[in-house]
Amino acid sequence: MTTTLMGSPQLFFTSESVTEGHPDKICDQISDGVLDAVLAQDPYGRVACETAITTGLIVIIGEISTTATIDPHAIARRTVADIGYNRAKYGFDAETAGIVVSLNKQSPDIAQGVDRSLESGTSEDIFNVTGAGDQGMMIGFACDETDEYMPLPIAIAHAITRRLSAVRRSGILPYLRPDGKAQVTVEYHYGQPYRVDTALVSTQHAEDVSHDQIEQDVIEQVIKPVIMSFSPDLLDTSTQFLVNPTGRFVIGGPMGDAGLTGRKIIVDTYGGMARHGGGAFSGKDPTKVDRSAAYYARYVAKNLVAAGIASRLEIQVSYAIGKAQPLSVMVETFGTSDYSEAQIVALIERAFDFRPAAIIENLDLRRPIYQATASFGHFGRSDIDLPWEQLDKVETLKSLTSELHSTAI
């Protein structure tokens, strides 16, 4: 798909984002709230927490091994209330919802491949014996379409949902409710963003507000200002604006649709512009490479693009459970690099360390930093300080690229 994008004279690409009040995102935030609560007391705690939500009910299940003392009920109620579901007429009430919790210890069959990290020894010893918490493949991606090194469609979609949340919380549009979505279609010419073709917003709202008012307010207060902030040239007379196309969105949140942790993996990553390994992020501690290695792959890809090695770069890494070294590392540059993929892989192997314990240490991942990532995307965030978004390897990579020209591959 992305290769076609780079070579096509005209192509339309669409990405979606959802607000923090979407049922699936509520679940992601509760699961990561549990994780953060554990890590705040026990940085070595193991967490695999899943949440489901429906009308009047929250269910929290999974495996946790920790010395921490936490209150999942309180975490869930606080998270839902902070999102804005604190009155029954909004479709959910954090104070009166029923909560069911079933959290057990991590399977010893899984733990034995990771627990060796607790043995004494040097950092290098620990890096070599700490195994991945699961098998699987993870994807990292970056491109130079935006300042955040993210694809433009998902960058705009996230900016729209963040703005939708902001005008609700600030009272600019007080009739809005927490559930909402944005979908953005960008027209590309030969792999370069040309214009926004369609911007679609569906937002939950109070019952006594007309569709015409919602449409006008959302277009003028949310959609247009956001797109203009990227570039005024992205809008033209043919750009379509769609707001609540069914005409009504009063019933939303958990009353309108059941939610589940890990069901918005494309929203969480690159909006479909890159491939996906299949593993979700929220509710998982950093020994789970579904999360930590995907973060590290983004870190690697972003630094490579920022260093000018490629304009668009996707990296895949794979692991076996209990093994420290990745099984494979693959790079795709979609014809945007002067270097071969094999040369870039050789460069990655010199500059980066994909062993799980090294990832955790280098990105300092045993901290309660995760609930903030559970809405509005895990990558390209300028509103929160995330270690995998740092560009601290750019100068190192630039100094190494001169050697690539003489590398015989």
# chains A, B, ... in the order shown; residues from 1 in each chain; ligands from 1
call {"tool": "residues_around", "arguments": {"residues": "range 286-296 of chain A", "least_positions_apart": "4", "cutoff": "6 Å", "atoms": "only C-alpha atoms", "output": "MDAnalysis selection string"}}
result
chainID A and resid 133 138:140 279 281 388
call {"tool": "select_by_dssp", "arguments": {"residues": "range 186-383 of chain A", "states": "strand (DSSP E or B)", "output": "PyMOL selection string"}}
result
chain A and resi 186-189+192-205+240-243+259-260+284+312-319+321+328-332
call {"tool": "write_last_selection", "arguments": {"atoms": "N, CA and C atoms", "output": "mmCIF file, in the first residue's frame"}}
result
data_model
loop_
_atom_site.group_PDB
_atom_site.id
_atom_site.type_symbol
_atom_site.label_atom_id
_atom_site.label_comp_id
_atom_site.auth_asym_id
_atom_site.auth_seq_id
_atom_site.Cartn_x
_atom_site.Cartn_y
_atom_site.Cartn_z
ATOM 1 N N VAL A 186 -6.486 12.378 3.032
ATOM 2 C CA VAL A 186 -5.507 13.272 2.416
ATOM 3 C C VAL A 186 -5.229 12.810 0.994
ATOM 4 N N GLU A 187 -5.207 13.742 0.066
ATOM 5 C CA GLU A 187 -4.828 13.450 -1.315
ATOM 6 C C GLU A 187 -3.310 13.579 -1.450
ATOM 7 N N TYR A 188 -2.690 12.529 -1.973
ATOM 8 C CA TYR A 188 -1.242 12.509 -2.188
ATOM 9 C C TYR A 188 -0.943 12.573 -3.684
ATOM 10 N N HIS A 189 0.126 13.267 -4.030
ATOM 11 C CA HIS A 189 0.658 13.257 -5.384
ATOM 12 C C HIS A 189 2.091 12.736 -5.316
ATOM 13 N N GLN A 192 3.612 12.648 -1.850
ATOM 14 C CA GLN A 192 3.653 13.879 -1.064
ATOM 15 C C GLN A 192 2.233 14.360 -0.774
ATOM 16 N N PRO A 193 1.952 14.749 0.470
ATOM 17 C CA PRO A 193 0.617 15.279 0.773
ATOM 18 C C PRO A 193 0.330 16.520 -0.057
ATOM 19 N N TYR A 194 -0.859 16.573 -0.628
ATOM 20 C CA TYR A 194 -1.230 17.681 -1.510
ATOM 21 C C TYR A 194 -2.350 18.532 -0.917
ATOM 22 N N ARG A 195 -3.394 17.874 -0.403
ATOM 23 C CA ARG A 195 -4.529 18.595 0.154
ATOM 24 C C ARG A 195 -5.348 17.647 1.018
ATOM 25 N N VAL A 196 -6.173 18.226 1.888
ATOM 26 C CA VAL A 196 -7.146 17.431 2.626
ATOM 27 C C VAL A 196 -8.408 17.335 1.780
ATOM 28 N N ASP A 197 -8.778 16.119 1.441
ATOM 29 C CA ASP A 197 -9.973 15.921 0.629
ATOM 30 C C ASP A 197 -11.235 15.918 1.486
ATOM 31 N N THR A 198 -11.200 15.198 2.632
ATOM 32 C CA THR A 198 -12.381 15.097 3.485
ATOM 33 C C THR A 198 -11.959 15.072 4.947
ATOM 34 N N ALA A 199 -12.679 15.821 5.759
ATOM 35 C CA ALA A 199 -12.521 15.761 7.213
ATOM 36 C C ALA A 199 -13.875 15.436 7.814
ATOM 37 N N LEU A 200 -13.941 14.338 8.541
ATOM 38 C CA LEU A 200 -15.188 13.835 9.124
ATOM 39 C C LEU A 200 -15.060 13.803 10.638
ATOM 40 N N VAL A 201 -16.041 14.363 11.332
ATOM 41 C CA VAL A 201 -16.092 14.299 12.790
ATOM 42 C C VAL A 201 -17.463 13.799 13.202
ATOM 43 N N SER A 202 -17.474 12.801 14.083
ATOM 44 C CA SER A 202 -18.697 12.349 14.735
ATOM 45 C C SER A 202 -18.513 12.563 16.227
ATOM 46 N N THR A 203 -19.386 13.355 16.831
ATOM 47 C CA THR A 203 -19.211 13.683 18.239
ATOM 48 C C THR A 203 -20.518 13.535 19.003
ATOM 49 N N GLN A 204 -20.425 12.919 20.164
ATOM 50 C CA GLN A 204 -21.559 12.809 21.065
ATOM 51 C C GLN A 204 -21.950 14.204 21.550
ATOM 52 N N HIS A 205 -23.240 14.414 21.762
ATOM 53 C CA HIS A 205 -23.708 15.750 22.118
ATOM 54 C C HIS A 205 -24.961 15.683 22.971
ATOM 55 N N GLN A 240 -14.202 18.565 1.671
ATOM 56 C CA GLN A 240 -15.494 18.246 2.264
ATOM 57 C C GLN A 240 -15.394 18.212 3.786
ATOM 58 N N PHE A 241 -16.399 18.775 4.445
ATOM 59 C CA PHE A 241 -16.502 18.700 5.898
ATOM 60 C C PHE A 241 -17.786 17.955 6.239
ATOM 61 N N LEU A 242 -17.650 16.879 6.999
ATOM 62 C CA LEU A 242 -18.802 16.084 7.413
ATOM 63 C C LEU A 242 -18.831 16.031 8.936
ATOM 64 N N VAL A 243 -19.961 16.385 9.513
ATOM 65 C CA VAL A 243 -20.122 16.368 10.973
ATOM 66 C C VAL A 243 -21.381 15.586 11.313
ATOM 67 N N GLY A 259 -16.867 -1.582 25.039
ATOM 68 C CA GLY A 259 -15.462 -1.278 24.784
ATOM 69 C C GLY A 259 -14.551 -2.374 25.289
ATOM 70 N N LEU A 260 -13.336 -2.412 24.759
ATOM 71 C CA LEU A 260 -12.372 -3.451 25.120
ATOM 72 C C LEU A 260 -10.954 -2.924 24.933
ATOM 73 N N LYS A 284 0.043 -3.388 29.430
ATOM 74 C CA LYS A 284 1.197 -4.290 29.424
ATOM 75 C C LYS A 284 2.436 -3.580 29.967
ATOM 76 N N ARG A 312 11.144 8.079 4.396
ATOM 77 C CA ARG A 312 10.048 7.234 4.886
ATOM 78 C C ARG A 312 10.670 5.887 5.227
ATOM 79 N N LEU A 313 10.461 5.409 6.437
ATOM 80 C CA LEU A 313 11.152 4.197 6.858
ATOM 81 C C LEU A 313 10.265 3.375 7.780
ATOM 82 N N GLU A 314 10.187 2.094 7.489
ATOM 83 C CA GLU A 314 9.469 1.135 8.328
ATOM 84 C C GLU A 314 10.454 0.059 8.754
ATOM 85 N N ILE A 315 10.400 -0.309 10.020
ATOM 86 C CA ILE A 315 11.279 -1.346 10.538
ATOM 87 C C ILE A 315 10.436 -2.413 11.216
ATOM 88 N N GLN A 316 10.761 -3.671 10.951
ATOM 89 C CA GLN A 316 10.127 -4.795 11.630
ATOM 90 C C GLN A 316 11.179 -5.538 12.443
ATOM 91 N N VAL A 317 10.815 -5.877 13.683
ATOM 92 C CA VAL A 317 11.682 -6.688 14.530
ATOM 93 C C VAL A 317 10.847 -7.830 15.085
ATOM 94 N N SER A 318 11.458 -9.011 15.246
ATOM 95 C CA SER A 318 10.714 -10.159 15.768
ATOM 96 C C SER A 318 11.479 -10.813 16.905
ATOM 97 N N TYR A 319 10.725 -11.488 17.787
ATOM 98 C CA TYR A 319 11.301 -12.085 18.988
ATOM 99 C C TYR A 319 10.749 -13.487 19.218
ATOM 100 N N ILE A 321 9.908 -15.922 22.654
ATOM 101 C CA ILE A 321 9.717 -15.774 24.082
ATOM 102 C C ILE A 321 10.910 -16.375 24.829
ATOM 103 N N SER A 328 14.936 -11.342 14.022
ATOM 104 C CA SER A 328 15.138 -10.677 12.736
ATOM 105 C C SER A 328 14.919 -9.183 12.884
ATOM 106 N N VAL A 329 15.592 -8.433 12.029
ATOM 107 C CA VAL A 329 15.383 -6.993 11.889
ATOM 108 C C VAL A 329 15.311 -6.701 10.393
ATOM 109 N N MET A 330 14.238 -6.067 9.966
ATOM 110 C CA MET A 330 14.041 -5.762 8.551
ATOM 111 C C MET A 330 13.698 -4.289 8.390
ATOM 112 N N VAL A 331 14.183 -3.687 7.319
ATOM 113 C CA VAL A 331 13.917 -2.278 7.034
ATOM 114 C C VAL A 331 13.363 -2.140 5.624
ATOM 115 N N GLU A 332 12.385 -1.251 5.475
ATOM 116 C CA GLU A 332 11.834 -0.889 4.166
ATOM 117 C C GLU A 332 11.836 0.632 4.063
#
call {"tool": "residues_around", "arguments": {"residues": "Phe249 in chain A", "least_positions_apart": "3", "cutoff": "12 Å", "atoms": "only C-alpha atoms", "output": "MDAnalysis selection string"}}
result
chainID A and resid 90:91 175:181 201:211 214 243:246 252:253 255:256
call {"tool": "closest_residue", "arguments": {"among": "A:Ile359, A:Ile83, A:Met6, A:Leu304", "to": "Met273 in chain A", "atoms": "only C-alpha atoms"}}
result
A:Met6
call {"tool": "residues_around", "arguments": {"residues": "Ala68 in chain A", "least_positions_apart": "2", "cutoff": "9 Å", "atoms": "only C-alpha atoms", "output": "list in words"}}
result
Ala37, Val38, Leu39, Ala40, Gln41, Asp42, Gly45, Ser65, Thr66 and Ile70 of chain A
call {"tool": "select_by_dssp", "arguments": {"residues": "range 226-347 of chain A", "states": "alpha helix (DSSP H)", "output": "PyMOL selection string"}}
result
chain A and resi 226-230+253-256+265-268+289-306+341-347
call {"tool": "write_last_selection", "arguments": {"atoms": "N, CA and C atoms", "output": "compact mmCIF listing (two decimals), in the first residue's frame"}}
result
# COMPACT_ATOMS: atom_id res chain seq x y z
N VAL A 226 -7.64 23.39 13.08
CA VAL A 226 -6.63 22.33 13.18
C VAL A 226 -5.91 22.16 11.84
N ILE A 227 -6.66 22.04 10.76
CA ILE A 227 -6.02 21.83 9.46
C ILE A 227 -5.18 23.05 9.08
N MET A 228 -5.69 24.24 9.37
CA MET A 228 -4.93 25.46 9.07
C MET A 228 -3.61 25.50 9.85
N SER A 229 -3.60 24.92 11.04
CA SER A 229 -2.37 24.93 11.84
C SER A 229 -1.28 24.08 11.21
N PHE A 230 -1.66 23.10 10.40
CA PHE A 230 -0.67 22.31 9.66
C PHE A 230 -0.22 23.09 8.43
N GLY A 253 -20.56 6.55 24.16
CA GLY A 253 -19.79 5.94 25.24
C GLY A 253 -20.20 4.49 25.45
N PRO A 254 -20.04 3.99 26.67
CA PRO A 254 -20.35 2.57 26.94
C PRO A 254 -21.82 2.21 26.73
N MET A 255 -22.72 3.19 26.78
CA MET A 255 -24.12 2.90 26.52
C MET A 255 -24.36 2.65 25.03
N GLY A 256 -23.59 3.31 24.19
CA GLY A 256 -23.77 3.15 22.75
C GLY A 256 -23.04 1.96 22.17
N ILE A 265 -5.71 -0.48 17.71
CA ILE A 265 -4.27 -0.55 17.50
C ILE A 265 -3.80 0.31 16.32
N ILE A 266 -4.65 0.54 15.34
CA ILE A 266 -4.25 1.39 14.21
C ILE A 266 -4.32 2.86 14.62
N VAL A 267 -5.33 3.23 15.41
CA VAL A 267 -5.39 4.57 15.98
C VAL A 267 -4.15 4.82 16.85
N ASP A 268 -3.74 3.80 17.60
CA ASP A 268 -2.60 3.95 18.52
C ASP A 268 -1.28 4.13 17.80
N VAL A 289 7.30 -7.28 24.87
CA VAL A 289 7.87 -6.62 23.70
C VAL A 289 6.82 -6.10 22.74
N ASP A 290 5.58 -6.59 22.85
CA ASP A 290 4.50 -5.97 22.08
C ASP A 290 4.52 -4.47 22.27
N ARG A 291 4.84 -4.05 23.48
CA ARG A 291 4.86 -2.62 23.79
C ARG A 291 6.26 -2.03 23.66
N SER A 292 7.20 -2.54 24.43
CA SER A 292 8.51 -1.90 24.51
C SER A 292 9.26 -1.95 23.18
N ALA A 293 9.22 -3.07 22.47
CA ALA A 293 9.94 -3.16 21.21
C ALA A 293 9.28 -2.33 20.11
N ALA A 294 7.95 -2.20 20.17
CA ALA A 294 7.27 -1.32 19.21
C ALA A 294 7.66 0.13 19.47
N TYR A 295 7.76 0.50 20.74
CA TYR A 295 8.22 1.85 21.07
C TYR A 295 9.66 2.06 20.58
N TYR A 296 10.49 1.07 20.80
CA TYR A 296 11.89 1.21 20.40
C TYR A 296 12.01 1.25 18.87
N ALA A 297 11.21 0.48 18.18
CA ALA A 297 11.24 0.50 16.72
C ALA A 297 10.84 1.88 16.20
N ARG A 298 9.87 2.50 16.84
CA ARG A 298 9.52 3.88 16.47
C ARG A 298 10.70 4.82 16.72
N TYR A 299 11.35 4.66 17.87
CA TYR A 299 12.51 5.48 18.23
C TYR A 299 13.61 5.34 17.18
N VAL A 300 13.88 4.12 16.76
CA VAL A 300 14.90 3.88 15.74
C VAL A 300 14.50 4.52 14.42
N ALA A 301 13.27 4.27 13.98
CA ALA A 301 12.81 4.80 12.70
C ALA A 301 12.82 6.33 12.69
N LYS A 302 12.36 6.94 13.77
CA LYS A 302 12.30 8.40 13.83
C LYS A 302 13.69 9.01 13.77
N ASN A 303 14.64 8.44 14.50
CA ASN A 303 16.00 8.97 14.48
C ASN A 303 16.66 8.78 13.11
N LEU A 304 16.38 7.67 12.44
CA LEU A 304 16.94 7.44 11.12
C LEU A 304 16.40 8.45 10.11
N VAL A 305 15.11 8.73 10.16
CA VAL A 305 14.53 9.70 9.24
C VAL A 305 15.04 11.11 9.57
N ALA A 306 15.09 11.44 10.85
CA ALA A 306 15.58 12.76 11.25
C ALA A 306 17.04 12.97 10.86
N GLU A 341 18.71 -1.31 2.04
CA GLU A 341 18.13 -1.74 3.30
C GLU A 341 19.14 -2.54 4.12
N ALA A 342 19.96 -3.33 3.47
CA ALA A 342 20.97 -4.11 4.20
C ALA A 342 21.98 -3.20 4.88
N GLN A 343 22.34 -2.11 4.22
CA GLN A 343 23.26 -1.15 4.84
C GLN A 343 22.63 -0.50 6.06
N ILE A 344 21.37 -0.17 5.96
CA ILE A 344 20.69 0.48 7.08
C ILE A 344 20.54 -0.47 8.26
N VAL A 345 20.25 -1.75 7.99
CA VAL A 345 20.18 -2.73 9.06
C VAL A 345 21.54 -2.84 9.76
N ALA A 346 22.61 -2.84 8.99
CA ALA A 346 23.94 -2.89 9.59
C ALA A 346 24.19 -1.66 10.47
N LEU A 347 23.71 -0.51 10.03
CA LEU A 347 23.84 0.72 10.82
C LEU A 347 23.02 0.62 12.11
call {"tool": "closest_residue", "arguments": {"among": "A:Gln390, A:Thr51, A:Thr185, A:Thr161", "to": "Ser102 in chain A", "atoms": "only C-alpha atoms"}}
result
A:Thr51
call {"tool": "atom_distance", "arguments": {"atom1": "CA of His276 in chain A", "atom2": "CA of Pro9 in chain A"}}
result
25.8 Å
call {"tool": "atom_distance", "arguments": {"atom1": "CA of Gly272 in chain A", "atom2": "CA of Val250 in chain A"}}
result
28.8 Å
call {"tool": "closest_residue", "arguments": {"among": "A:Ala274, A:Ile53, A:Leu173, A:Leu103", "to": "Val34 in chain A", "atoms": "only C-alpha atoms"}}
result
A:Leu103
call {"tool": "residues_around", "arguments": {"residues": "range 307-310 of chain A", "least_positions_apart": "5", "cutoff": "10 Å", "atoms": "only C-alpha atoms", "output": "list in words"}}
result
Ala142, Cys143, Asp144, Ala301, Lys302, Glu332, Thr333, Phe334, Gly335, Thr336, Ser337, Asp338, Tyr339, Ile344, Leu391, Lys393, Val394, Glu395, Thr396, Leu397, Lys398, Ser399 and Thr401 of chain A
call {"tool": "atom_distance", "arguments": {"atom1": "CA of Ala132 in chain A", "atom2": "CA of Asp28 in chain A"}}
result
22.5 Å
call {"tool": "residues_around", "arguments": {"residues": "Ala320 in chain A", "least_positions_apart": "6", "cutoff": "10 Å", "atoms": "only C-alpha atoms", "output": "VMD selection string"}}
result
chain A and resid 113 131 to 137 289 326 to 327
call {"tool": "closest_residue", "arguments": {"among": "A:Glu403, A:Asp24, A:Gly56, A:Leu152", "to": "Ser231 in chain A", "atoms": "only C-alpha atoms"}}
result
A:Leu152
